[in-house]
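Shown next: query.txt, given as compact mmCIF, C-alpha atoms and all ligand atoms.
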```
# COMPACT_ATOMS: atom_id res chain seq x y z
CA MET M 151 88.70 40.39 27.73
CA GLN M 152 89.99 37.03 26.61
CA ARG M 153 90.34 34.51 29.41
CA ASN M 154 92.22 31.26 29.15
CA ARG M 155 91.12 29.59 32.36
CA ILE M 156 87.74 27.92 32.13
CA VAL M 157 85.32 25.55 33.81
CA ILE M 158 83.29 23.38 31.44
CA ASP M 159 79.78 22.18 32.26
CA CYS M 160 78.84 19.53 29.72
CA ASP M 161 76.86 16.40 28.81
CA PRO M 162 79.22 14.34 26.65
CA GLY M 163 77.97 13.60 24.00
CA ILE M 164 79.77 13.36 20.67
CA ASP M 165 80.22 17.10 20.09
CA ASP M 166 80.99 17.73 23.78
CA THR M 167 83.87 15.28 23.41
CA PHE M 168 85.30 17.31 20.51
CA ALA M 169 84.85 20.45 22.62
CA LEU M 170 86.65 18.92 25.62
CA ILE M 171 89.53 17.74 23.44
CA LEU M 172 89.88 21.25 21.95
CA CYS M 173 89.69 23.03 25.31
CA ILE M 174 92.07 20.66 27.08
CA LYS M 175 94.75 21.32 24.45
CA LYS M 176 94.18 25.04 23.91
CA LEU M 177 92.96 26.41 27.26
CA ASP M 178 93.54 25.97 30.99
CA VAL M 179 90.67 23.74 32.14
CA ALA M 180 90.15 24.14 35.90
CA GLY M 181 87.49 21.43 36.06
CA ILE M 182 84.75 19.61 34.20
CA VAL M 183 81.21 19.26 35.54
CA ALA M 184 78.86 16.70 34.03
CA VAL M 185 75.12 17.19 33.68
CA GLY M 186 72.36 14.90 32.44
CA GLY M 187 71.42 15.85 28.88
CA ASN M 188 72.30 14.03 25.70
CA THR M 189 72.22 10.94 27.88
CA GLY M 190 72.00 10.21 31.59
CA LEU M 191 74.51 11.53 34.15
CA GLN M 192 75.94 8.04 34.72
CA PHE M 193 77.20 8.13 31.12
CA THR M 194 78.03 11.85 30.75
CA SER M 195 80.13 11.76 33.95
CA ARG M 196 81.85 8.58 32.75
CA ASN M 197 82.52 10.03 29.30
CA ALA M 198 84.04 13.20 30.75
CA ARG M 199 86.45 11.07 32.78
CA TYR M 200 87.21 8.98 29.70
CA VAL M 201 88.22 12.12 27.77
CA THR M 202 90.65 13.14 30.51
CA GLU M 203 92.27 9.71 30.21
CA LEU M 204 92.26 9.80 26.41
CA THR M 205 94.01 13.18 26.42
CA GLY M 206 96.42 12.23 29.20
CA ARG M 207 95.01 14.93 31.48
CA THR M 208 93.65 12.98 34.44
CA ASP M 209 94.87 15.87 36.60
CA ILE M 210 91.73 17.77 35.53
CA PRO M 211 89.03 17.08 38.15
CA VAL M 212 85.64 15.80 36.97
CA TYR M 213 82.49 16.40 39.03
CA ALA M 214 78.97 15.05 38.73
CA GLY M 215 76.16 17.58 38.85
CA TYR M 216 72.44 17.04 38.31
CA ASP M 217 70.93 14.29 36.21
CA GLN M 218 67.38 15.64 36.03
CA PRO M 219 66.03 19.04 34.94
CA MET M 220 64.59 21.46 37.50
CA LEU M 221 61.02 20.67 36.43
CA GLY M 222 59.43 17.97 34.34
CA ASN M 223 60.90 14.90 32.74
CA ALA M 224 64.39 14.54 31.33
CA VAL M 225 64.77 14.98 27.58
CA ARG M 226 67.55 12.88 26.05
CA ALA M 227 69.22 12.81 22.64
CA GLU M 228 70.33 9.19 22.58
CA TYR M 229 69.06 8.89 19.00
CA VAL M 230 71.88 11.30 18.07
CA HIS M 231 74.68 10.30 20.46
CA GLY M 232 73.95 6.63 21.18
CA VAL M 233 72.75 5.29 24.55
CA GLY M 234 76.19 5.68 26.13
CA GLY M 235 76.68 9.13 24.57
CA LEU M 236 79.71 8.29 22.43
CA GLY M 237 78.16 6.75 19.35
CA ASP M 238 79.09 3.11 18.93
CA LEU M 239 82.47 3.46 20.67
CA ASP M 240 83.12 0.68 23.13
CA ILE M 241 84.96 2.70 25.73
CA PRO M 242 86.68 1.19 28.73
CA GLU M 243 85.41 2.05 32.23
CA PRO M 244 87.74 4.88 33.30
CA LYS M 245 90.12 4.30 36.19
CA LYS M 246 89.80 7.97 37.03
CA GLN M 247 87.20 8.58 39.73
CA LEU M 248 84.68 11.37 40.08
CA GLU M 249 85.48 13.95 42.73
CA ASN M 250 83.40 13.58 45.90
CA GLU M 251 82.23 17.21 45.83
CA HIS M 252 78.95 17.86 44.01
CA GLY M 253 79.38 19.67 40.68
CA VAL M 254 77.24 22.59 41.84
CA ASP M 255 79.39 23.08 44.94
CA PHE M 256 82.51 22.99 42.77
CA LEU M 257 81.05 25.74 40.54
CA ILE M 258 80.25 27.87 43.59
CA ARG M 259 83.63 27.27 45.25
CA THR M 260 85.58 28.04 42.08
CA PHE M 261 83.83 31.23 41.06
CA MET M 262 83.51 32.60 44.60
CA ASN M 263 87.26 32.18 45.13
CA GLU M 264 88.89 32.67 41.74
CA ASN M 265 88.91 35.67 39.43
CA ASP M 266 89.08 35.59 35.64
CA VAL M 267 87.70 32.11 35.11
CA SER M 268 85.14 31.79 32.32
CA LEU M 269 82.26 29.37 32.41
CA VAL M 270 81.56 27.28 29.34
CA ALA M 271 78.14 25.60 29.38
CA ILE M 272 77.52 23.17 26.54
CA GLY M 273 74.73 21.06 27.99
CA PRO M 274 71.39 21.80 29.66
CA LEU M 275 71.87 24.69 32.12
CA THR M 276 70.64 22.77 35.18
CA ASN M 277 73.88 22.85 37.18
CA VAL M 278 74.53 26.52 36.45
CA ALA M 279 71.02 27.54 37.48
CA GLN M 280 71.14 25.40 40.63
CA ALA M 281 74.44 27.03 41.57
CA LEU M 282 72.97 30.52 41.03
CA LEU M 283 70.04 29.63 43.29
CA LYS M 284 72.22 28.10 45.99
CA GLU M 285 74.67 31.02 46.08
CA PRO M 286 72.99 34.30 45.05
CA GLU M 287 76.35 36.15 45.15
CA LEU M 288 77.59 33.92 42.34
CA LYS M 289 76.07 36.08 39.62
CA LYS M 290 78.44 38.89 40.59
CA ARG M 291 81.42 36.54 40.43
CA ILE M 292 81.08 34.80 37.05
CA PRO M 293 82.62 37.17 34.49
CA GLU M 294 81.11 35.48 31.45
CA ILE M 295 79.22 32.38 30.33
CA LEU M 296 79.68 30.97 26.86
CA ILE M 297 76.64 28.86 26.04
CA MET M 298 75.90 26.38 23.31
CA GLY M 299 72.18 26.63 23.13
CA GLY M 300 69.17 28.35 21.74
CA ALA M 301 68.52 29.54 18.25
CA ALA M 302 68.00 32.87 16.56
CA PHE M 303 65.27 31.41 14.41
CA CYS M 304 64.54 27.68 13.98
CA GLY M 305 64.90 24.99 16.68
CA ASN M 306 65.73 21.28 16.60
CA GLN M 307 63.97 19.74 19.63
CA SER M 308 60.84 21.54 18.43
CA PRO M 309 60.17 24.00 15.58
CA VAL M 310 61.40 26.82 17.83
CA ALA M 311 63.35 25.23 20.73
CA GLU M 312 66.94 24.04 20.71
CA PHE M 313 67.78 20.86 22.67
CA ASN M 314 69.87 22.26 25.56
CA ILE M 315 67.29 24.93 26.35
CA ALA M 316 64.33 22.60 25.79
CA ALA M 317 65.92 20.06 28.15
CA ASP M 318 65.66 22.52 31.06
CA PRO M 319 63.85 25.76 30.15
CA GLU M 320 63.53 26.90 33.78
CA ALA M 321 67.28 26.62 34.25
CA ALA M 322 67.93 28.50 31.02
CA LYS M 323 65.56 31.27 32.15
CA ILE M 324 67.40 31.64 35.47
CA VAL M 325 70.75 31.88 33.70
CA MET M 326 69.51 34.25 31.03
CA GLU M 327 68.00 36.60 33.61
CA SER M 328 71.05 36.49 35.91
CA GLY M 329 72.71 39.60 34.51
CA ILE M 330 75.93 37.66 33.88
CA PRO M 331 77.41 38.58 30.48
CA ILE M 332 76.44 35.78 28.10
CA ARG M 333 77.78 34.77 24.73
CA MET M 334 75.46 32.38 22.94
CA PHE M 335 76.30 30.08 20.09
CA GLY M 336 72.95 28.85 18.84
CA LEU M 337 71.68 26.65 16.04
CA ASN M 338 71.73 29.53 13.57
CA ALA M 339 75.54 29.45 13.97
CA THR M 340 76.08 25.69 14.38
CA ARG M 341 74.16 25.04 11.16
CA GLN M 342 76.92 26.85 9.29
CA ASN M 343 79.27 24.00 10.27
CA TRP M 344 78.57 20.81 8.32
CA MET M 345 81.20 18.13 8.81
CA GLY M 346 80.95 14.71 7.17
CA GLU M 347 82.89 11.81 5.63
CA GLU M 348 85.40 14.12 3.95
CA GLN M 349 86.41 15.45 7.37
CA VAL M 350 86.52 11.91 8.82
CA LYS M 351 89.34 11.20 6.33
CA GLU M 352 91.23 14.30 7.44
CA LEU M 353 90.91 13.25 11.08
CA ARG M 354 92.20 9.74 10.29
CA ALA M 355 95.18 11.30 8.52
CA VAL M 356 96.29 13.03 11.73
CA GLY M 357 97.30 9.60 12.99
CA ASN M 358 97.05 9.67 16.76
CA LYS M 359 94.69 8.10 19.30
CA VAL M 360 92.78 11.28 20.10
CA ALA M 361 92.18 12.04 16.41
CA ASP M 362 91.17 8.41 15.79
CA VAL M 363 88.47 8.67 18.46
CA CYS M 364 87.28 11.93 16.87
CA ALA M 365 87.20 10.20 13.48
CA ASP M 366 85.14 7.32 14.93
CA LEU M 367 82.67 9.73 16.54
CA LEU M 368 82.27 11.90 13.44
CA SER M 369 81.94 8.79 11.28
CA PHE M 370 79.12 7.53 13.55
CA ALA M 371 77.31 10.88 13.19
CA ALA M 372 77.94 11.05 9.45
CA LYS M 373 76.58 7.53 8.90
CA MET M 374 73.46 8.33 10.93
CA TYR M 375 72.72 11.80 9.61
CA GLY M 376 75.12 12.51 6.76
CA HIS M 377 76.96 15.12 8.80
CA SER M 378 77.57 16.62 12.23
CA GLU M 379 77.54 20.30 13.13
CA LEU M 380 79.90 19.63 16.05
CA CYS M 381 77.83 22.23 17.91
CA ASP M 382 79.79 22.26 21.17
CA ALA M 383 83.21 22.27 19.52
CA SER M 384 82.13 25.12 17.26
CA THR M 385 81.00 27.00 20.35
CA VAL M 386 84.23 26.67 22.33
CA SER M 387 86.30 27.64 19.30
CA TRP M 388 84.84 31.15 19.81
CA LEU M 389 86.72 31.31 23.10
CA ILE M 390 89.96 29.98 21.65
CA ASP M 391 89.98 32.07 18.47
CA PRO M 392 87.41 34.90 18.53
CA ALA M 393 87.84 35.40 14.77
CA VAL M 394 85.89 32.17 14.06
CA VAL M 395 82.78 34.27 14.65
CA LYS M 396 82.72 36.79 11.83
CA LYS M 397 79.62 38.55 13.08
CA SER M 398 77.76 38.68 16.38
CA LEU M 399 74.87 40.84 17.56
CA MET M 400 73.79 42.07 20.99
CA VAL M 401 70.19 41.02 21.49
CA HIS M 402 67.67 40.66 24.30
CA ILE M 403 66.64 37.05 24.81
CA ASP M 404 63.88 35.67 27.01
CA VAL M 405 63.34 31.95 27.49
CA GLU M 406 59.81 30.69 26.97
CA THR M 407 58.81 28.31 29.77
CA LYS M 408 55.05 28.11 29.34
CA GLY M 409 54.03 28.14 25.69
CA GLU M 410 51.79 25.40 24.34
CA PHE M 411 54.04 25.07 21.28
CA THR M 412 57.03 27.18 22.26
CA ARG M 413 58.38 25.90 25.61
CA GLY M 414 62.17 26.17 25.50
CA MET M 415 62.24 28.78 22.76
CA THR M 416 64.87 31.52 23.01
CA VAL M 417 62.74 34.53 22.16
CA CYS M 418 65.14 36.94 20.47
CA ASP M 419 64.12 40.56 20.14
CA TRP M 420 65.37 41.55 16.69
CA ARG M 421 63.18 44.65 16.41
CA LYS M 422 66.00 47.15 16.82
CA TYR M 423 67.90 45.53 13.93
CA MET M 424 65.03 45.68 11.50
CA GLY M 425 65.71 47.95 8.56
CA GLU M 426 69.47 47.33 8.85
CA ASP M 427 70.16 44.01 7.22
CA PRO M 428 67.75 42.31 4.81
CA LYS M 429 69.10 38.88 5.82
CA GLU M 430 67.64 39.36 9.29
CA ASP M 431 64.71 41.47 8.28
CA LEU M 432 61.79 40.80 6.01
CA SER M 433 59.99 44.06 6.72
CA HIS M 434 62.93 46.36 5.86
CA GLU M 435 61.60 48.90 8.32
CA LYS M 436 62.78 49.75 11.80
CA GLN M 437 60.34 48.52 14.42
CA VAL M 438 59.63 50.12 17.76
CA ASP M 439 61.04 48.13 20.67
CA ALA M 440 58.13 48.74 23.01
CA ASP M 441 59.55 46.69 25.89
CA GLY M 442 62.80 48.64 26.04
CA LYS M 443 64.68 45.64 27.42
CA GLU M 444 68.45 45.91 27.23
CA PRO M 445 70.34 43.25 25.25
CA ASN M 446 71.53 40.47 27.56
CA VAL M 447 73.25 38.19 25.07
CA GLU M 448 75.95 38.47 22.43
CA MET M 449 74.75 36.05 19.79
CA ALA M 450 76.97 34.46 17.14
CA MET M 451 75.58 35.08 13.68
CA GLU M 452 78.28 34.21 11.14
CA PHE M 453 80.75 31.38 11.63
CA ASP M 454 83.99 30.70 9.76
CA LYS M 455 83.90 26.90 9.50
CA ASN M 456 87.23 26.71 7.63
CA ARG M 457 89.02 28.57 10.39
CA PHE M 458 87.33 26.32 12.95
CA TRP M 459 88.46 23.21 11.11
CA GLU M 460 92.06 24.42 10.90
CA LEU M 461 91.98 25.09 14.65
CA LEU M 462 90.60 21.61 15.41
CA VAL M 463 93.09 19.76 13.22
CA GLU M 464 95.96 21.82 14.64
CA ALA M 465 94.87 20.96 18.20
CA LEU M 466 94.60 17.26 17.35
CA LYS M 467 98.10 17.27 15.81
CA GLU M 468 99.40 18.79 19.04
CA TYR M 469 98.38 15.61 20.85
CA GLY M 470 101.35 14.00 19.11
CA LYS M 471 101.79 10.55 17.63
CA CA M 501 76.44 19.15 24.81
```

Take the structure in this file and express it as structure tokens.
Ligand SMILES: [Ca+2]
Amino acid sequence: MQRNRIVIDCDPGIDDTFALILCIKKLDVAGIVAVGGNTGLQFTSRNARYVTELTGRTDIPVYAGYDQPMLGNAVRAEYVHGVGGLGDLDIPEPKKQLENEHGVDFLIRTFMNENDVSLVAIGPLTNVAQALLKEPELKKRIPEILIMGGAAFCGNQSPVAEFNIAADPEAAKIVMESGIPIRMFGLNATRQNWMGEEQVKELRAVGNKVADVCADLLSFAAKMYGHSELCDASTVSWLIDPAVVKKSLMVHIDVETKGEFTRGMTVCDWRKYMGEDPKEDLSHEKQVDADGKEPNVEMAMEFDKNRFWELLVEALKEYGK
């Protein structure tokens, strides 16, 4: 079932900002919760408020959640997003204030009282896991979580772990084992979306303030790394236009929390797919799934980056001149 009303838990972040801009224009955003991730909570919660001002939607409440992961030290990605999280943008201190309620309490209040709201989680899963621990009934109330995180194969924070999961593996494990239907957009899908200087020009051509900020952010990423995958924006586009994901597979995923080399890995059980598709199978023979665990995640496998780009540019044009 396609739902339009969402709550976004995020750590803006360059690609989070694109995701917020897309969602605010195309969906009904009930609230935004900030989490520490790409950078510290002081910046992610500021940046979320900045985006509501940029988009003229200061009516959307912004909440601060947790800054630190459930265990261990915080992992940051300031080398990707800049210390303040928005590249080299010099953003004004927002006039909009944070809500007084804690982000976790907002998540609990919203999902315990409202039906048909989807949860979009595009940062470390700390807030979501803390909410599930604080209110055990919550797992029966959240109809779906769309997650940017994990990887079918290769990681980025480590050879096997993706950043959002590696930043709080215990939280990811709690969410993954909650029984809540999960759609996951991992690195295997984001890596199909390479946006660079060519796309910066297209964003500039839109000619409004929101698109200009997007152009500045993408330009920062393109200068640093040659491209951006716009991971979080790619992820939320799945909610707005399901056809951007051309193929997805139901798979059982466990989160590794202990491994010497593999902490934060999303361990995907592909055994039942072996023998079906040579792209996902080197053995070409069906393997026995000895664990018999049911799939708990719908994982994006093939992404239509052209369709995504059309959707993004269309949304930016809708912000007007
Ligand atoms: Ca993010």

As a PDB file with C-alpha atoms, in the coordinates of the input, please: the residues near Val278 in chain M (cut-off 12 Å, only C-alpha atoms, same-chain neighbours under 3 positions excluded).
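Below you can see part22.pdb, which holds the result:
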```pdb
ATOM      1  CA  VAL M 157      85.320  25.550  33.810  1.00  0.00           C
ATOM      2  CA  ILE M 158      83.290  23.380  31.440  1.00  0.00           C
ATOM      3  CA  ASP M 159      79.780  22.180  32.260  1.00  0.00           C
ATOM      4  CA  CYS M 160      78.840  19.530  29.720  1.00  0.00           C
ATOM      5  CA  VAL M 183      81.210  19.260  35.540  1.00  0.00           C
ATOM      6  CA  ALA M 184      78.860  16.700  34.030  1.00  0.00           C
ATOM      7  CA  VAL M 185      75.120  17.190  33.680  1.00  0.00           C
ATOM      8  CA  GLY M 215      76.160  17.580  38.850  1.00  0.00           C
ATOM      9  CA  TYR M 216      72.440  17.040  38.310  1.00  0.00           C
ATOM     10  CA  PRO M 219      66.030  19.040  34.940  1.00  0.00           C
ATOM     11  CA  MET M 220      64.590  21.460  37.500  1.00  0.00           C
ATOM     12  CA  GLY M 253      79.380  19.670  40.680  1.00  0.00           C
ATOM     13  CA  VAL M 254      77.240  22.590  41.840  1.00  0.00           C
ATOM     14  CA  ASP M 255      79.390  23.080  44.940  1.00  0.00           C
ATOM     15  CA  PHE M 256      82.510  22.990  42.770  1.00  0.00           C
ATOM     16  CA  LEU M 257      81.050  25.740  40.540  1.00  0.00           C
ATOM     17  CA  ILE M 258      80.250  27.870  43.590  1.00  0.00           C
ATOM     18  CA  PHE M 261      83.830  31.230  41.060  1.00  0.00           C
ATOM     19  CA  LEU M 269      82.260  29.370  32.410  1.00  0.00           C
ATOM     20  CA  VAL M 270      81.560  27.280  29.340  1.00  0.00           C
ATOM     21  CA  ALA M 271      78.140  25.600  29.380  1.00  0.00           C
ATOM     22  CA  ILE M 272      77.520  23.170  26.540  1.00  0.00           C
ATOM     23  CA  GLY M 273      74.730  21.060  27.990  1.00  0.00           C
ATOM     24  CA  PRO M 274      71.390  21.800  29.660  1.00  0.00           C
ATOM     25  CA  LEU M 275      71.870  24.690  32.120  1.00  0.00           C
ATOM     26  CA  ALA M 281      74.440  27.030  41.570  1.00  0.00           C
ATOM     27  CA  LEU M 282      72.970  30.520  41.030  1.00  0.00           C
ATOM     28  CA  LEU M 283      70.040  29.630  43.290  1.00  0.00           C
ATOM     29  CA  LYS M 284      72.220  28.100  45.990  1.00  0.00           C
ATOM     30  CA  GLU M 285      74.670  31.020  46.080  1.00  0.00           C
ATOM     31  CA  PRO M 286      72.990  34.300  45.050  1.00  0.00           C
ATOM     32  CA  LEU M 288      77.590  33.920  42.340  1.00  0.00           C
ATOM     33  CA  LYS M 289      76.070  36.080  39.620  1.00  0.00           C
ATOM     34  CA  ILE M 292      81.080  34.800  37.050  1.00  0.00           C
ATOM     35  CA  ILE M 295      79.220  32.380  30.330  1.00  0.00           C
ATOM     36  CA  LEU M 296      79.680  30.970  26.860  1.00  0.00           C
ATOM     37  CA  ILE M 297      76.640  28.860  26.040  1.00  0.00           C
ATOM     38  CA  ASP M 318      65.660  22.520  31.060  1.00  0.00           C
ATOM     39  CA  GLU M 320      63.530  26.900  33.780  1.00  0.00           C
ATOM     40  CA  ALA M 321      67.280  26.620  34.250  1.00  0.00           C
ATOM     41  CA  ALA M 322      67.930  28.500  31.020  1.00  0.00           C
ATOM     42  CA  LYS M 323      65.560  31.270  32.150  1.00  0.00           C
ATOM     43  CA  ILE M 324      67.400  31.640  35.470  1.00  0.00           C
ATOM     44  CA  VAL M 325      70.750  31.880  33.700  1.00  0.00           C
ATOM     45  CA  MET M 326      69.510  34.250  31.030  1.00  0.00           C
ATOM     46  CA  SER M 328      71.050  36.490  35.910  1.00  0.00           C
ATOM     47  CA  ILE M 330      75.930  37.660  33.880  1.00  0.00           C
TER      48      ILE M 330
END
```

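Comparing M:Val463, M:Ala214, M:Val447, M:Val225 by their smallest distance to Ala317 in chain M, the closest is M:Val225 (using all atoms listed in the file).
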
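The coordinates place CA of Pro331 in chain M at 15.8 Å from CA of Val405 in chain M.
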
So which residues touch Tyr200 in chain M within 10 Å, counting all atoms listed in the file, skipping near sequence neighbours fewer than 6 positions away, as a short mmCIF file (atom, residue, chain, number, x, y, z; two decimals) with C-alpha atoms, in the coordinates of the input?
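And here's part-v2.cif as it stands now:
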```
data_model
loop_
_atom_site.label_atom_id
_atom_site.label_comp_id
_atom_site.auth_asym_id
_atom_site.auth_seq_id
_atom_site.Cartn_x
_atom_site.Cartn_y
_atom_site.Cartn_z
CA THR M 167 83.87 15.28 23.41
CA THR M 194 78.03 11.85 30.75
CA GLY M 206 96.42 12.23 29.20
CA ARG M 207 95.01 14.93 31.48
CA THR M 208 93.65 12.98 34.44
CA ILE M 241 84.96 2.70 25.73
CA PRO M 242 86.68 1.19 28.73
CA GLU M 243 85.41 2.05 32.23
CA PRO M 244 87.74 4.88 33.30
CA LYS M 245 90.12 4.30 36.19
CA LYS M 246 89.80 7.97 37.03
#
```

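Separating CA of Phe335 in chain M from CA of Glu448 in chain M is a distance of 8.7 Å.
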
Proximity of chain M to ligand CA 501 (chain M): per-residue shortest pair, 7 Å limit, all atoms listed in the file, as a Markdown table:
```
| residue | atom | partner | partner_atom | distance |
| --- | --- | --- | --- | --- |
| M:Cys160 | CA | M:CA501 | CA | 5.5 |
| M:Asp161 | CA | M:CA501 | CA | 4.9 |
| M:Pro162 | CA | M:CA501 | CA | 5.9 |
| M:Gly163 | CA | M:CA501 | CA | 5.8 |
| M:Asp165 | CA | M:CA501 | CA | 6.4 |
| M:Asp166 | CA | M:CA501 | CA | 4.9 |
| M:Asn188 | CA | M:CA501 | CA | 6.6 |
| M:Ile272 | CA | M:CA501 | CA | 4.5 |
| M:Gly273 | CA | M:CA501 | CA | 4.1 |
| M:Asp382 | CA | M:CA501 | CA | 5.8 |
```

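Of the residues listed (M:Val230, M:Asp362, M:Pro309, M:Leu353), M:Val230 shows the shortest atom-to-atom separation from Gly376 in chain M; distances use all atoms listed in the file.
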
With N, CA and C atoms as the goal, would you fill in the gaps in range 409-425 of chain M and present it as an mmCIF file, keeping the file's coordinate frame?
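Result file follows (part_25.cif):
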```cif
data_model
loop_
_atom_site.group_PDB
_atom_site.id
_atom_site.type_symbol
_atom_site.label_atom_id
_atom_site.label_comp_id
_atom_site.auth_asym_id
_atom_site.auth_seq_id
_atom_site.Cartn_x
_atom_site.Cartn_y
_atom_site.Cartn_z
ATOM 1 N N GLY M 409 54.808 28.211 26.920
ATOM 2 C CA GLY M 409 54.030 28.140 25.690
ATOM 3 C C GLY M 409 53.562 26.749 25.308
ATOM 4 N N GLU M 410 52.372 26.686 24.763
ATOM 5 C CA GLU M 410 51.790 25.400 24.340
ATOM 6 C C GLU M 410 52.666 24.746 23.274
ATOM 7 N N PHE M 411 53.203 25.584 22.364
ATOM 8 C CA PHE M 411 54.040 25.070 21.280
ATOM 9 C C PHE M 411 55.481 25.560 21.375
ATOM 10 N N THR M 412 55.771 26.445 22.317
ATOM 11 C CA THR M 412 57.030 27.180 22.260
ATOM 12 C C THR M 412 57.905 27.027 23.502
ATOM 13 N N ARG M 413 57.568 26.098 24.406
ATOM 14 C CA ARG M 413 58.380 25.900 25.610
ATOM 15 C C ARG M 413 59.826 25.605 25.211
ATOM 16 N N GLY M 414 60.753 26.355 25.809
ATOM 17 C CA GLY M 414 62.170 26.170 25.500
ATOM 18 C C GLY M 414 62.679 27.046 24.386
ATOM 19 N N MET M 415 61.813 27.874 23.830
ATOM 20 C CA MET M 415 62.240 28.780 22.760
ATOM 21 C C MET M 415 63.080 29.925 23.340
ATOM 22 N N THR M 416 64.150 30.293 22.660
ATOM 23 C CA THR M 416 64.870 31.520 23.010
ATOM 24 C C THR M 416 64.247 32.643 22.176
ATOM 25 N N VAL M 417 63.478 33.464 22.858
ATOM 26 C CA VAL M 417 62.740 34.530 22.160
ATOM 27 C C VAL M 417 63.669 35.726 21.977
ATOM 28 N N CYS M 418 64.145 35.901 20.766
ATOM 29 C CA CYS M 418 65.140 36.940 20.470
ATOM 30 C C CYS M 418 64.434 38.185 19.961
ATOM 31 N N ASP M 419 64.748 39.298 20.568
ATOM 32 C CA ASP M 419 64.120 40.560 20.140
ATOM 33 C C ASP M 419 64.965 41.224 19.063
ATOM 34 N N TRP M 420 64.598 41.003 17.826
ATOM 35 C CA TRP M 420 65.370 41.550 16.690
ATOM 36 C C TRP M 420 64.855 42.909 16.249
ATOM 37 N N ARG M 421 63.860 43.466 16.963
ATOM 38 C CA ARG M 421 63.180 44.650 16.410
ATOM 39 C C ARG M 421 64.123 45.800 16.137
ATOM 40 N N LYS M 422 65.136 45.982 17.022
ATOM 41 C CA LYS M 422 66.000 47.150 16.820
ATOM 42 C C LYS M 422 66.916 46.978 15.606
ATOM 43 N N TYR M 423 67.055 45.751 15.115
ATOM 44 C CA TYR M 423 67.900 45.530 13.930
ATOM 45 C C TYR M 423 67.116 45.614 12.632
ATOM 46 N N MET M 424 65.830 45.655 12.730
ATOM 47 C CA MET M 424 65.030 45.680 11.500
ATOM 48 C C MET M 424 65.340 46.952 10.715
ATOM 49 N N GLY M 425 65.362 46.810 9.401
ATOM 50 C CA GLY M 425 65.710 47.950 8.560
ATOM 51 C C GLY M 425 67.195 48.067 8.318
#
```
